[in-house]
Structure formats: structure tokens, C-alpha cells
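Chemist: Below you'll find data11.cif; it's mmCIF, C-alpha atoms.
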```cif
data_work
loop_
_atom_site.label_atom_id
_atom_site.label_comp_id
_atom_site.auth_asym_id
_atom_site.auth_seq_id
_atom_site.Cartn_x
_atom_site.Cartn_y
_atom_site.Cartn_z
CA MET L 22 -11.01 -1.83 6.26
CA LYS L 23 -12.97 1.30 5.55
CA LEU L 24 -12.62 4.15 3.15
CA PRO L 25 -9.34 6.03 3.66
CA GLY L 26 -9.40 9.36 5.43
CA HIS L 27 -9.52 10.22 9.11
CA ARG L 28 -12.35 11.58 11.19
CA PRO L 29 -11.60 14.63 13.35
CA GLY L 30 -11.25 13.45 16.91
CA LEU L 31 -10.56 9.87 15.82
CA PRO L 32 -7.21 10.10 14.02
CA GLY L 33 -6.30 7.22 11.82
CA LYS L 34 -9.85 5.96 11.50
CA VAL L 35 -11.46 5.89 8.12
CA VAL L 36 -14.68 7.63 7.37
CA SER L 37 -17.34 7.50 4.72
CA PHE L 38 -18.09 10.95 3.44
CA HIS L 39 -21.79 10.58 4.11
CA ILE L 40 -24.12 13.04 2.46
CA ALA L 41 -27.17 13.90 4.50
CA PRO L 42 -30.38 12.78 2.78
CA LEU L 43 -32.23 15.56 1.07
CA ASP L 44 -35.29 15.66 -1.09
CA PRO L 45 -34.10 14.53 -4.57
CA ALA L 46 -35.69 17.43 -6.40
CA TYR L 47 -34.27 19.95 -3.92
CA LYS L 48 -30.77 18.48 -4.01
CA ALA L 49 -30.79 18.21 -7.80
CA GLY L 50 -31.69 21.88 -7.94
CA LEU L 51 -28.78 22.77 -5.65
CA THR L 52 -26.14 20.69 -7.37
CA GLY L 53 -27.38 20.30 -10.90
CA HIS L 54 -26.81 16.53 -10.60
CA VAL L 55 -29.46 13.98 -11.39
CA PRO L 56 -30.17 11.20 -8.83
CA VAL L 57 -29.57 7.63 -10.01
CA LYS L 58 -31.45 4.97 -7.99
CA GLY L 59 -31.24 6.90 -4.73
CA PHE L 60 -27.73 8.27 -5.32
CA PHE L 61 -26.43 11.25 -7.19
CA MET L 62 -23.89 11.16 -9.98
CA SER L 63 -21.63 13.44 -7.91
CA ASP L 64 -21.71 10.90 -5.04
CA ILE L 65 -20.81 8.04 -7.36
CA LEU L 66 -17.94 9.99 -8.92
CA VAL L 67 -16.50 11.02 -5.55
CA PHE L 68 -16.57 7.48 -4.20
CA PHE L 69 -15.07 6.15 -7.42
CA LEU L 70 -12.18 8.61 -7.10
CA HIS L 71 -11.79 7.72 -3.42
CA GLY L 72 -11.52 4.08 -4.46
CA LEU L 73 -8.80 4.90 -7.01
CA ALA L 74 -6.82 6.85 -4.41
CA TYR L 75 -6.94 4.00 -1.90
CA ALA L 76 -6.11 1.51 -4.66
CA GLY L 77 -3.00 3.54 -5.46
CA LEU L 78 -1.91 3.44 -1.82
CA LEU L 79 -2.67 -0.27 -1.54
CA PHE L 80 -0.57 -1.02 -4.60
CA LEU L 81 2.35 1.02 -3.28
CA VAL L 82 2.29 -1.08 -0.11
CA SER L 83 1.54 -4.49 -1.64
CA SER L 84 3.92 -4.17 -4.62
CA GLY L 85 6.98 -4.36 -2.36
CA LEU L 86 5.46 -7.28 -0.46
CA THR L 87 4.68 -9.05 -3.74
CA LEU L 88 8.16 -8.37 -5.11
CA VAL L 89 9.91 -9.85 -2.07
CA PHE L 90 7.69 -12.93 -2.01
CA GLY L 91 7.84 -13.46 -5.76
CA MET L 92 11.62 -13.10 -6.00
CA MET L 93 12.79 -14.48 -2.64
CA ASN L 94 9.82 -16.62 -1.52
CA VAL L 95 9.84 -14.72 1.79
CA LEU L 96 6.53 -13.63 3.35
CA ASN L 97 7.65 -10.46 5.11
CA PHE L 98 5.39 -9.69 8.08
CA ALA L 99 7.57 -6.69 8.93
CA HIS L 100 6.68 -4.98 5.65
CA ALA L 101 3.84 -2.95 7.14
CA ALA L 102 6.02 -1.97 10.11
CA LEU L 103 8.61 -0.60 7.65
CA TYR L 104 5.76 1.29 5.95
CA MET L 105 4.86 2.82 9.32
CA LEU L 106 8.52 3.66 9.95
CA GLY L 107 8.61 5.51 6.63
CA ALA L 108 5.60 7.57 7.73
CA TYR L 109 7.29 8.52 11.02
CA PHE L 110 10.57 9.35 9.27
CA SER L 111 8.59 11.58 6.91
CA TYR L 112 6.92 13.33 9.85
CA THR L 113 10.35 14.04 11.35
CA VAL L 114 11.82 15.32 8.09
CA LEU L 115 8.77 17.52 7.46
CA ASN L 116 9.02 19.03 10.93
CA ALA L 117 12.72 19.72 10.47
CA THR L 118 12.69 21.05 6.91
CA GLY L 119 9.08 21.66 5.88
CA GLN L 120 9.88 19.98 2.55
CA PHE L 121 7.55 17.13 1.60
CA TRP L 122 9.45 16.36 -1.59
CA LEU L 123 12.66 16.01 0.39
CA SER L 124 11.02 13.46 2.68
CA LEU L 125 9.81 11.62 -0.41
CA ILE L 126 13.47 11.09 -1.34
CA ILE L 127 15.21 10.70 2.02
CA CYS L 128 12.80 8.31 3.73
CA PRO L 129 12.75 5.57 1.04
CA LEU L 130 16.55 5.73 0.94
CA ALA L 131 16.68 5.27 4.72
CA LEU L 132 14.33 2.29 4.47
CA PHE L 133 16.44 0.85 1.63
CA PHE L 134 19.46 0.89 3.95
CA ILE L 135 17.47 -0.62 6.84
CA GLY L 136 16.04 -3.32 4.56
CA ALA L 137 19.52 -4.23 3.32
CA LEU L 138 20.75 -4.62 6.91
CA VAL L 139 17.74 -6.76 7.87
CA GLU L 140 18.25 -9.12 4.94
CA ARG L 141 22.03 -9.36 5.28
CA PHE L 142 22.31 -9.87 9.03
CA LEU L 143 18.95 -11.39 9.99
CA LEU L 144 16.99 -13.03 7.17
CA ARG L 145 19.98 -14.59 5.45
CA ARG L 146 20.96 -16.36 8.66
CA VAL L 147 17.61 -18.12 9.02
CA HIS L 148 16.80 -18.67 5.34
CA ALA L 149 18.24 -22.19 5.37
CA PHE L 150 15.86 -23.21 8.19
CA GLY L 151 12.72 -22.63 6.12
CA HIS L 152 9.69 -20.37 6.00
CA LEU L 153 8.64 -20.76 9.61
CA HIS L 154 11.84 -19.21 10.91
CA GLU L 155 11.59 -16.36 8.40
CA LEU L 156 7.98 -15.77 9.38
CA LEU L 157 8.77 -15.70 13.10
CA LEU L 158 11.74 -13.41 12.52
CA THR L 159 9.78 -10.83 10.52
CA PHE L 160 6.84 -11.09 12.92
CA GLY L 161 9.12 -10.33 15.86
CA LEU L 162 10.82 -7.54 13.94
CA ALA L 163 7.43 -5.93 13.33
CA TYR L 164 6.75 -5.89 17.08
CA ILE L 165 10.18 -4.42 17.81
CA ILE L 166 9.66 -1.62 15.28
CA THR L 167 6.17 -0.87 16.64
CA GLU L 168 7.42 -0.59 20.21
CA ALA L 169 10.41 1.51 19.12
CA VAL L 170 8.03 3.89 17.31
CA LYS L 171 5.90 4.27 20.45
CA TRP L 172 9.02 4.93 22.52
CA LEU L 173 10.52 7.50 20.15
CA TRP L 174 7.43 9.34 18.85
CA GLY L 175 4.77 8.52 21.44
CA ASN L 176 1.63 6.43 21.44
CA TYR L 177 -0.65 9.06 19.88
CA PRO L 178 -1.50 10.15 16.32
CA LEU L 179 0.62 12.81 14.61
CA ALA L 180 -1.03 15.04 12.03
CA VAL L 181 0.97 15.60 8.84
CA ASN L 182 0.20 18.82 6.98
CA ILE L 183 1.90 19.16 3.61
CA GLY L 184 0.21 22.42 2.57
CA GLY L 185 1.07 24.07 -0.72
CA TYR L 186 -0.30 22.92 -4.05
CA LEU L 187 -0.75 19.30 -2.96
CA GLY L 188 -2.96 20.44 -0.09
CA GLY L 189 -5.40 22.17 -2.43
CA THR L 190 -8.27 21.01 -4.62
CA VAL L 191 -8.91 20.77 -8.33
CA GLU L 192 -12.20 20.89 -10.20
CA LEU L 193 -13.17 17.58 -11.82
CA PHE L 194 -16.49 17.38 -13.65
CA GLY L 195 -17.80 20.26 -11.58
CA LEU L 196 -16.56 18.85 -8.26
CA ALA L 197 -13.79 20.19 -6.06
CA TYR L 198 -11.58 17.17 -5.37
CA PRO L 199 -8.39 16.98 -3.22
CA ILE L 200 -5.27 17.09 -5.37
CA TYR L 201 -3.42 14.86 -2.93
CA ARG L 202 -5.71 11.88 -3.53
CA ILE L 203 -5.08 12.19 -7.27
CA PHE L 204 -1.37 12.47 -6.48
CA ILE L 205 -1.50 9.10 -4.67
CA PHE L 206 -3.18 7.33 -7.57
CA VAL L 207 -0.77 8.82 -10.11
CA TRP L 208 2.20 7.61 -8.07
CA GLY L 209 0.66 4.13 -7.92
CA VAL L 210 0.42 4.09 -11.72
CA LEU L 211 3.98 5.39 -12.15
CA VAL L 212 5.45 2.81 -9.77
CA SER L 213 3.59 -0.03 -11.48
CA LEU L 214 4.87 1.06 -14.90
CA ALA L 215 8.44 1.47 -13.61
CA MET L 216 8.45 -1.97 -11.97
CA ALA L 217 7.01 -3.64 -15.07
CA LEU L 218 9.63 -1.93 -17.23
CA ILE L 219 12.49 -3.03 -14.98
CA LEU L 220 11.30 -6.63 -14.60
CA PHE L 221 10.39 -7.34 -18.21
CA LYS L 222 12.44 -4.95 -20.37
CA THR L 223 15.88 -4.72 -18.73
CA ARG L 224 18.84 -7.04 -18.21
CA LEU L 225 18.41 -6.69 -14.45
CA GLY L 226 14.86 -7.96 -14.74
CA ILE L 227 16.00 -10.97 -16.78
CA ILE L 228 18.61 -11.80 -14.13
CA LEU L 229 16.05 -11.47 -11.32
CA ARG L 230 13.54 -13.74 -13.00
CA ALA L 231 16.25 -16.26 -13.85
CA ALA L 232 17.48 -16.24 -10.22
CA VAL L 233 13.95 -17.09 -9.06
CA ASN L 234 13.79 -20.15 -11.31
CA ASP L 235 17.36 -21.43 -10.82
CA ASN L 236 19.57 -19.37 -8.52
CA GLU L 237 22.37 -21.97 -8.57
CA MET L 238 22.74 -21.64 -12.34
CA VAL L 239 22.68 -17.84 -12.15
CA ASN L 240 25.31 -17.97 -9.40
CA ALA L 241 27.45 -20.28 -11.58
CA LEU L 242 27.35 -17.64 -14.32
CA GLY L 243 29.23 -15.26 -12.02
CA ILE L 244 26.32 -13.24 -10.64
CA ASN L 245 26.26 -12.68 -6.89
CA VAL L 246 22.78 -14.03 -6.11
CA PRO L 247 22.87 -13.29 -2.34
CA LEU L 248 23.74 -9.67 -3.10
CA LEU L 249 20.97 -9.60 -5.69
CA PHE L 250 18.41 -10.81 -3.15
CA THR L 251 19.66 -8.26 -0.62
CA GLY L 252 18.95 -5.58 -3.22
CA VAL L 253 15.46 -6.99 -3.85
CA PHE L 254 14.57 -7.00 -0.16
CA ALA L 255 16.03 -3.51 0.30
CA PHE L 256 14.04 -2.23 -2.70
CA GLY L 257 10.86 -3.77 -1.25
CA ALA L 258 11.58 -1.98 2.04
CA ALA L 259 12.14 1.28 0.15
CA LEU L 260 8.75 0.86 -1.56
CA SER L 261 7.11 0.35 1.82
CA GLY L 262 8.82 3.51 3.11
CA PHE L 263 7.69 5.43 0.04
CA ALA L 264 4.11 4.27 0.66
CA GLY L 265 4.42 5.37 4.29
CA VAL L 266 5.50 8.87 3.24
CA ILE L 267 2.51 9.02 0.88
CA ALA L 268 0.07 7.69 3.50
CA GLY L 269 1.01 10.07 6.33
CA PRO L 270 -0.84 13.17 5.07
CA LEU L 271 -3.87 11.08 4.08
CA LEU L 272 -4.39 8.87 7.13
CA SER L 273 -2.29 10.65 9.78
CA THR L 274 0.69 8.91 11.40
CA TYR L 275 0.01 6.64 14.37
CA PRO L 276 1.32 3.33 15.81
CA GLY L 277 -1.66 1.28 14.60
CA MET L 278 -1.31 2.18 10.93
CA ALA L 279 0.87 -0.88 10.24
CA GLN L 280 -1.72 -3.38 11.44
CA GLU L 281 -4.51 -1.65 9.53
CA ILE L 282 -2.76 -1.70 6.16
CA LEU L 283 -1.17 -5.15 6.62
CA VAL L 284 -4.49 -6.99 6.43
CA ASP L 285 -5.52 -5.24 3.22
CA ALA L 286 -2.06 -5.75 1.69
CA PHE L 287 -2.20 -9.50 2.34
CA VAL L 288 -5.71 -9.68 0.89
CA VAL L 289 -4.35 -7.95 -2.22
CA ILE L 290 -1.55 -10.46 -2.77
CA VAL L 291 -3.86 -13.42 -2.04
CA VAL L 292 -6.53 -12.21 -4.46
CA GLY L 293 -4.04 -11.14 -7.13
CA GLY L 294 -1.83 -14.21 -6.75
CA PHE L 295 1.36 -14.61 -4.75
CA GLY L 296 4.30 -13.05 -6.57
CA SER L 297 2.21 -11.55 -9.38
CA LEU L 298 2.79 -7.84 -9.90
CA GLY L 299 -0.07 -7.54 -12.38
CA GLY L 300 -2.29 -9.42 -9.97
CA ALA L 301 -1.40 -6.99 -7.19
CA LEU L 302 -2.37 -4.07 -9.44
CA ILE L 303 -5.75 -5.54 -10.44
CA ALA L 304 -6.51 -6.68 -6.90
CA SER L 305 -5.66 -3.22 -5.51
CA LEU L 306 -8.13 -1.63 -7.92
CA LEU L 307 -10.82 -4.18 -7.07
CA ILE L 308 -10.39 -3.85 -3.32
CA GLY L 309 -10.08 -0.06 -3.41
CA GLU L 310 -13.36 0.32 -5.27
CA LEU L 311 -15.05 -2.45 -3.29
CA GLN L 312 -14.25 -0.74 0.00
CA SER L 313 -15.23 2.68 -1.30
CA PHE L 314 -18.61 1.67 -2.73
CA GLY L 315 -19.14 -0.80 0.09
CA VAL L 316 -19.27 2.10 2.53
CA LEU L 317 -21.74 3.87 0.26
CA LEU L 318 -24.01 0.93 -0.61
CA PHE L 319 -23.61 -1.57 2.25
CA PRO L 320 -22.28 0.36 5.25
CA LYS L 321 -23.02 -2.45 7.73
CA LEU L 322 -21.20 -5.02 5.57
CA SER L 323 -18.33 -2.85 4.33
CA LEU L 324 -15.82 -4.45 6.71
CA VAL L 325 -16.39 -7.98 5.40
CA LEU L 326 -16.68 -7.32 1.67
CA ILE L 327 -12.97 -7.74 0.91
CA TYR L 328 -12.88 -11.02 2.84
CA LEU L 329 -15.92 -12.17 0.88
CA LEU L 330 -14.08 -11.32 -2.34
CA MET L 331 -11.00 -13.21 -1.15
CA SER L 332 -13.12 -16.26 -0.24
CA ILE L 333 -14.80 -16.30 -3.65
CA VAL L 334 -11.45 -16.01 -5.48
CA LEU L 335 -9.87 -18.78 -3.38
CA VAL L 336 -12.81 -21.11 -4.01
CA ILE L 337 -12.74 -20.52 -7.77
CA LYS L 338 -8.96 -20.19 -8.21
CA PRO L 339 -6.92 -21.05 -5.10
CA SER L 340 -3.71 -19.63 -6.59
CA GLY L 341 -5.29 -16.17 -7.01
CA LEU L 342 -6.42 -14.33 -10.12
CA PHE L 343 -2.98 -14.26 -11.74
CA GLY L 344 -1.06 -16.69 -9.54
CA GLU L 345 0.61 -19.80 -10.88
CA LYS L 346 -0.10 -23.26 -9.53
CA GLN L 347 2.73 -24.48 -7.34
#
```
Please, can you express the file's structure as C-alpha cells?

Modeler:
Amino acid sequence: MKLPGHRPGLPGKVVSFHIAPLDPAYKAGLTGHVPVKGFFMSDILVFFLHGLAYAGLLFLVSSGLTLVFGMMNVLNFAHAALYMLGAYFSYTVLNATGQFWLSLIICPLALFFIGALVERFLLRRVHAFGHLHELLLTFGLAYIITEAVKWLWGNYPLAVNIGGYLGGTVELFGLAYPIYRIFIFVWGVLVSLAMALILFKTRLGIILRAAVNDNEMVNALGINVPLLFTGVFAFGAALSGFAGVIAGPLLSTYPGMAQEILVDAFVVIVVGGFGSLGGALIASLLIGELQSFGVLLFPKLSLVLIYLLMSIVLVIKPSGLFGEKQ
């Protein structure tokens, strides 16, 4: 994957904000920034911030995937398709109301309801047959959602313009930087804190972690474990929908967005460790910055850097950075 952002004329594709080479003394005089080994401090700061923004988006996508796998031991291949569905729902709500904040509420709720239906009437029926059946089911569901999106909204990119304050810029260290990219990173931080608080500081979190270790004992204590797992899967779907709403204005909305984010999301959970929320956070930051600076420093190798990182992690620690040995 490449640095997030889309190139005019090639919607949905990611670009590197390349700065045309200038004489160092001339450019330093124009910008007031001092070159560091062929690059300028302003370049490094911009790419660092780009990496944080993409890391925030990656975590929003991969956190739901990690939650579902960690709690239910289900590898949900339809997760990215639900993320795409959230982006298209957001586009529809924005066109109808013009309210981005409203879409930020309505679309995750819609995906929560869809996720609950998928778990209750599809996944639960094949759970007893093992992981292969779950994998095939979610894989097929992803294809169905993709084709339904093409049928309902068309097979072409849809630009999402939020306007207002979020569409503006803010000055950071003398640079004008898009507010929306900062908005994405902040939401990634807030979601990570909220999930950590729920899982480790609340009674619900204790029940969830206990159900993972011994669901029969938790069920014997009078807790409806199947309903609990339905809620977990629905919440994971809602997180994917929330990420889709966030991603639309940044990457545009198009049928291929699910496949593009799915690869990075799986790399995140493999590097961080299956089922580890903290691992997903650290891996998102690593991969976000690696992709951002990879475009700047090694443009010809930027596509393979995250796979190189994944290979190194798997060789050193096959369970991932924070994963537990099975």
C-alpha cells in the first residue's frame, strides 16, 4: 500500500506528495527550513504526520478485526467489505442531509445491526463446523457486498466533500496541514482508549475475557454467551463502518477500497499479534510511518516494505509482537 490520499484523475489511488527538487540554498531561503541529508525538516514533518493519519485509519479498521478474532476466534474476511459499506452509507447520508456528524452516528449503527444479523443467522450456523466454513462464509459475504455496492452505487469512484471546519487547514510548526488528517488520528487514539477502558476496567470487559477462556463456565453462571458474541461481532462491524465513514473523505469512496485496506489490516494483526489490541495499535503506528517514509525514501520499494516488516516479525516471533503462543 502507498501513502493515503488520492491523485486527481485516479480516484482511490494513493500518492506521495513529492516535492520537486530545488537547489538547497534556494529552497531554504524560500521556506526557512534547513535541509537534512537531502531532505528538509518540513518534508520530514509532513510525512510523519501523514503516517500518523494513516495509522489512525488502520487502527480503526484493524481494531474491529482484532476484537472479533480475539474474542470469537473468527477471522472475518467480510470486515473490509463492511468498512466499504459504511463509506457508501456515509456518502448517501451526506448527499441527503449534508451533515457529516450525522453520518458518523447513523452509519456505524446501521453496520451494528447488519453485523448482528450476520452473526445470528449466518456465522452461528456454521461455527460448529470449524474455521474453514467461517472463512468461506465471510469470504463469500464480502463478494456479495462488493457486487451489491456496484449495483446500487455504480462501479466508479464517488468524491466525498465534507467542507466546513474539517475541510480546512491548521498551522503546525509553520506548516499548513489538513485538519481532517489530524481528526483521523485523534479518533484512532480515542477509540483505542475507549476499547482499553471497556476491556480492562469494566465488568463487561471481565465477562468478555472470561468467555474467551471458558465460555461454558460463563454460560453456567447465567450469562448468555451466544448473545454476548453477537454483540462483539456487531460492535466489530460498527467499528468497520465508523472507519469507512472516516475514510471516505480521505480516500474517496469506490468499490476497490475494501481490497486495498484488507491487506494492510491483516498485516497489522499479524505483526501486532492475533487478538492483541495493544499489538494492533503499535503495528498500525509502525506500518503507517513505514509506508509514509517508504514513499519518501524508497519509492521503488514502498509497496513491499510492510511485507518485509511482517516477514521479519514472523521469523523472530511467529505469534506477532504482542501475540501469545497457542

Chemist: Neighbours of Asn116 (chain L) within 10 Å (all atoms listed in the file; same-chain residues fewer than 6 positions away dropped), as a PyMOL selection string?

Modeler: chain L and resi 110+181-182

Chemist: Select, from L:Leu342, L:Gly72, L:Ile183, L:Leu81, the residue with the minimum atom-to-atom distance to Leu211 (chain L), counting all atoms listed in the file.

Modeler: L:Leu81

Chemist: In Å, rounded to a single decimal, give me how far CA of Gly107 (chain L) is from CA of Val233 (chain L).

Modeler: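 So the two atoms, CA of Val233 (chain L) and CA of Gly107 (chain L), lie 28.0 Å apart.
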
Chemist: Name the closest residue to Phe263 (chain L) among the candidates L:Tyr164, L:Trp208, L:Phe134, L:Tyr186; distances are taken between atoms, counting only C-alpha atoms.

Modeler: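 Comparing L:Tyr164, L:Trp208, L:Phe134, L:Tyr186 against Phe263 (chain L), the winner is L:Trp208.
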
Chemist: Please list as a VMD selection string every residue within 8 Å of Phe295 (chain L), counting all atoms listed in the file and excluding residues in the same chain fewer than 4 positions away.

Modeler: chain L and resid 87 90 to 91 290 to 291 340 to 341 344

Chemist: For the residues selected in the previous step, produce a file with C-alpha atoms as a compact mmCIF listing (two decimals), in the frame of the given file.

Modeler:
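File produced: out.txt:
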```
# COMPACT_ATOMS: atom_id res chain seq x y z
CA THR L 87 4.68 -9.05 -3.74
CA PHE L 90 7.69 -12.93 -2.01
CA GLY L 91 7.84 -13.46 -5.76
CA ILE L 290 -1.55 -10.46 -2.77
CA VAL L 291 -3.86 -13.42 -2.04
CA SER L 340 -3.71 -19.63 -6.59
CA GLY L 341 -5.29 -16.17 -7.01
CA GLY L 344 -1.06 -16.69 -9.54
```

Chemist: L:Ala99, L:Val191, L:Ala131, L:Val147: which is nearest Thr159 (chain L), counting all atoms listed in the file?

Modeler: L:Ala99

Chemist: Could you please determine the separation between CA of Leu132 (chain L) and CA of Glu310 (chain L) in Å, to one decimal place?

Modeler: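 Between these atoms lies a distance of 29.4 Å.
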
Chemist: Once the PyMOL selection byres ((chain L and resi 203) around 10) has been evaluated on this model, what residues remain selected, and can you format them as a list in words?

Modeler: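 Output of the PyMOL selection byres ((chain L and resi 203) around 10): Leu70, His71, Leu73, Ala74, Tyr75, Gly77, Leu187, Thr190, Val191, Tyr198, Pro199, Ile200, Tyr201, Arg202, Phe204, Ile205, Phe206, Val207, Trp208 and Gly209 of chain L.
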
Chemist: Residues picked by the PyMOL selection byres ((chain L and resi 253-262) around 7) here, as a PDB file with C-alpha atoms, in the coordinates of the input?

Modeler:
```pdb
ATOM      1  CA  LEU L  81       2.350   1.020  -3.280  1.00  0.00           C
ATOM      2  CA  VAL L  82       2.290  -1.080  -0.110  1.00  0.00           C
ATOM      3  CA  GLY L  85       6.980  -4.360  -2.360  1.00  0.00           C
ATOM      4  CA  LEU L  86       5.460  -7.280  -0.460  1.00  0.00           C
ATOM      5  CA  LEU L  88       8.160  -8.370  -5.110  1.00  0.00           C
ATOM      6  CA  VAL L  89       9.910  -9.850  -2.070  1.00  0.00           C
ATOM      7  CA  HIS L 100       6.680  -4.980   5.650  1.00  0.00           C
ATOM      8  CA  LEU L 103       8.610  -0.600   7.650  1.00  0.00           C
ATOM      9  CA  TYR L 104       5.760   1.290   5.950  1.00  0.00           C
ATOM     10  CA  LEU L 106       8.520   3.660   9.950  1.00  0.00           C
ATOM     11  CA  GLY L 107       8.610   5.510   6.630  1.00  0.00           C
ATOM     12  CA  ALA L 108       5.600   7.570   7.730  1.00  0.00           C
ATOM     13  CA  CYS L 128      12.800   8.310   3.730  1.00  0.00           C
ATOM     14  CA  PRO L 129      12.750   5.570   1.040  1.00  0.00           C
ATOM     15  CA  LEU L 130      16.550   5.730   0.940  1.00  0.00           C
ATOM     16  CA  LEU L 132      14.330   2.290   4.470  1.00  0.00           C
ATOM     17  CA  PHE L 133      16.440   0.850   1.630  1.00  0.00           C
ATOM     18  CA  PHE L 134      19.460   0.890   3.950  1.00  0.00           C
ATOM     19  CA  GLY L 136      16.040  -3.320   4.560  1.00  0.00           C
ATOM     20  CA  ALA L 137      19.520  -4.230   3.320  1.00  0.00           C
ATOM     21  CA  GLU L 140      18.250  -9.120   4.940  1.00  0.00           C
ATOM     22  CA  LEU L 249      20.970  -9.600  -5.690  1.00  0.00           C
ATOM     23  CA  PHE L 250      18.410 -10.810  -3.150  1.00  0.00           C
ATOM     24  CA  THR L 251      19.660  -8.260  -0.620  1.00  0.00           C
ATOM     25  CA  GLY L 252      18.950  -5.580  -3.220  1.00  0.00           C
ATOM     26  CA  PHE L 263       7.690   5.430   0.040  1.00  0.00           C
ATOM     27  CA  ALA L 264       4.110   4.270   0.660  1.00  0.00           C
ATOM     28  CA  GLY L 265       4.420   5.370   4.290  1.00  0.00           C
ATOM     29  CA  VAL L 266       5.500   8.870   3.240  1.00  0.00           C
TER      30      VAL L 266
END
```

Chemist: Counting only C-alpha atoms, which residues come within 12 Å of (1.4, 18.6, 13.0), with the point read in the file's coordinates, and could you list them as a PyMOL selection string?

Modeler: chain L and resi 109+111-117+119+177-184+269-270+273-274

Chemist: Of the residues L:Ala102, L:Ala268, L:Val288, L:Ile135, which is the one nearest to Val170 (chain L), using only C-alpha atoms?

Modeler: L:Ala102

Chemist: What does the structure give for the distance between CA of Ser305 (chain L) and CA of Gly185 (chain L), in Å to one decimal?

Modeler: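 So the two atoms, CA of Ser305 (chain L) and CA of Gly185 (chain L), lie 28.5 Å apart.
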
Chemist: Is there a way to complete region 266-286 of chain L with N, CA and C atoms and then write that out as a PDB file, in the coordinates of the input?

Modeler:
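Result file follows (selection21.pdb):
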```
ATOM      1  N   VAL L 266       5.414   7.420   3.440  1.00  0.00           N
ATOM      2  CA  VAL L 266       5.500   8.870   3.240  1.00  0.00           C
ATOM      3  C   VAL L 266       4.215   9.383   2.590  1.00  0.00           C
ATOM      4  N   ILE L 267       3.729   8.651   1.594  1.00  0.00           N
ATOM      5  CA  ILE L 267       2.510   9.020   0.880  1.00  0.00           C
ATOM      6  C   ILE L 267       1.288   8.949   1.798  1.00  0.00           C
ATOM      7  N   ALA L 268       1.265   7.925   2.670  1.00  0.00           N
ATOM      8  CA  ALA L 268       0.070   7.690   3.500  1.00  0.00           C
ATOM      9  C   ALA L 268      -0.070   8.680   4.634  1.00  0.00           C
ATOM     10  N   GLY L 269       1.051   9.203   5.160  1.00  0.00           N
ATOM     11  CA  GLY L 269       1.010  10.070   6.330  1.00  0.00           C
ATOM     12  C   GLY L 269       0.023  11.227   6.229  1.00  0.00           C
ATOM     13  N   PRO L 270       0.094  12.046   5.177  1.00  0.00           N
ATOM     14  CA  PRO L 270      -0.840  13.170   5.070  1.00  0.00           C
ATOM     15  C   PRO L 270      -2.289  12.749   4.860  1.00  0.00           C
ATOM     16  N   LEU L 271      -2.502  11.534   4.349  1.00  0.00           N
ATOM     17  CA  LEU L 271      -3.870  11.080   4.080  1.00  0.00           C
ATOM     18  C   LEU L 271      -4.522  10.483   5.315  1.00  0.00           C
ATOM     19  N   LEU L 272      -3.802   9.622   6.019  1.00  0.00           N
ATOM     20  CA  LEU L 272      -4.390   8.870   7.130  1.00  0.00           C
ATOM     21  C   LEU L 272      -3.939   9.325   8.493  1.00  0.00           C
ATOM     22  N   SER L 273      -3.011  10.259   8.570  1.00  0.00           N
ATOM     23  CA  SER L 273      -2.290  10.650   9.780  1.00  0.00           C
ATOM     24  C   SER L 273      -1.294   9.549  10.124  1.00  0.00           C
ATOM     25  N   THR L 274      -0.379   9.851  11.036  1.00  0.00           N
ATOM     26  CA  THR L 274       0.690   8.910  11.400  1.00  0.00           C
ATOM     27  C   THR L 274       0.479   8.463  12.838  1.00  0.00           C
ATOM     28  N   TYR L 275       0.319   7.157  13.047  1.00  0.00           N
ATOM     29  CA  TYR L 275       0.010   6.640  14.370  1.00  0.00           C
ATOM     30  C   TYR L 275       0.485   5.185  14.455  1.00  0.00           C
ATOM     31  N   PRO L 276       0.723   4.666  15.660  1.00  0.00           N
ATOM     32  CA  PRO L 276       1.320   3.330  15.810  1.00  0.00           C
ATOM     33  C   PRO L 276       0.490   2.187  15.230  1.00  0.00           C
ATOM     34  N   GLY L 277      -0.826   2.364  15.105  1.00  0.00           N
ATOM     35  CA  GLY L 277      -1.660   1.280  14.600  1.00  0.00           C
ATOM     36  C   GLY L 277      -1.790   1.221  13.093  1.00  0.00           C
ATOM     37  N   MET L 278      -1.131   2.134  12.387  1.00  0.00           N
ATOM     38  CA  MET L 278      -1.310   2.180  10.930  1.00  0.00           C
ATOM     39  C   MET L 278      -0.738   0.952  10.242  1.00  0.00           C
ATOM     40  N   ALA L 279       0.268   0.314  10.846  1.00  0.00           N
ATOM     41  CA  ALA L 279       0.870  -0.880  10.240  1.00  0.00           C
ATOM     42  C   ALA L 279      -0.121  -2.031  10.221  1.00  0.00           C
ATOM     43  N   GLN L 280      -0.778  -2.266  11.361  1.00  0.00           N
ATOM     44  CA  GLN L 280      -1.720  -3.380  11.440  1.00  0.00           C
ATOM     45  C   GLN L 280      -2.907  -3.167  10.511  1.00  0.00           C
ATOM     46  N   GLU L 281      -3.336  -1.920  10.359  1.00  0.00           N
ATOM     47  CA  GLU L 281      -4.510  -1.650   9.530  1.00  0.00           C
ATOM     48  C   GLU L 281      -4.232  -1.908   8.055  1.00  0.00           C
ATOM     49  N   ILE L 282      -3.057  -1.528   7.581  1.00  0.00           N
ATOM     50  CA  ILE L 282      -2.760  -1.700   6.160  1.00  0.00           C
ATOM     51  C   ILE L 282      -2.292  -3.112   5.862  1.00  0.00           C
ATOM     52  N   LEU L 283      -1.720  -3.813   6.856  1.00  0.00           N
ATOM     53  CA  LEU L 283      -1.170  -5.150   6.620  1.00  0.00           C
ATOM     54  C   LEU L 283      -2.248  -6.125   6.161  1.00  0.00           C
ATOM     55  N   VAL L 284      -3.415  -6.066   6.788  1.00  0.00           N
ATOM     56  CA  VAL L 284      -4.490  -6.990   6.430  1.00  0.00           C
ATOM     57  C   VAL L 284      -4.907  -6.780   4.985  1.00  0.00           C
ATOM     58  N   ASP L 285      -5.118  -5.530   4.596  1.00  0.00           N
ATOM     59  CA  ASP L 285      -5.520  -5.240   3.220  1.00  0.00           C
ATOM     60  C   ASP L 285      -4.432  -5.636   2.222  1.00  0.00           C
ATOM     61  N   ALA L 286      -3.166  -5.406   2.583  1.00  0.00           N
ATOM     62  CA  ALA L 286      -2.060  -5.750   1.690  1.00  0.00           C
ATOM     63  C   ALA L 286      -1.997  -7.260   1.459  1.00  0.00           C
TER      64      ALA L 286
END
```
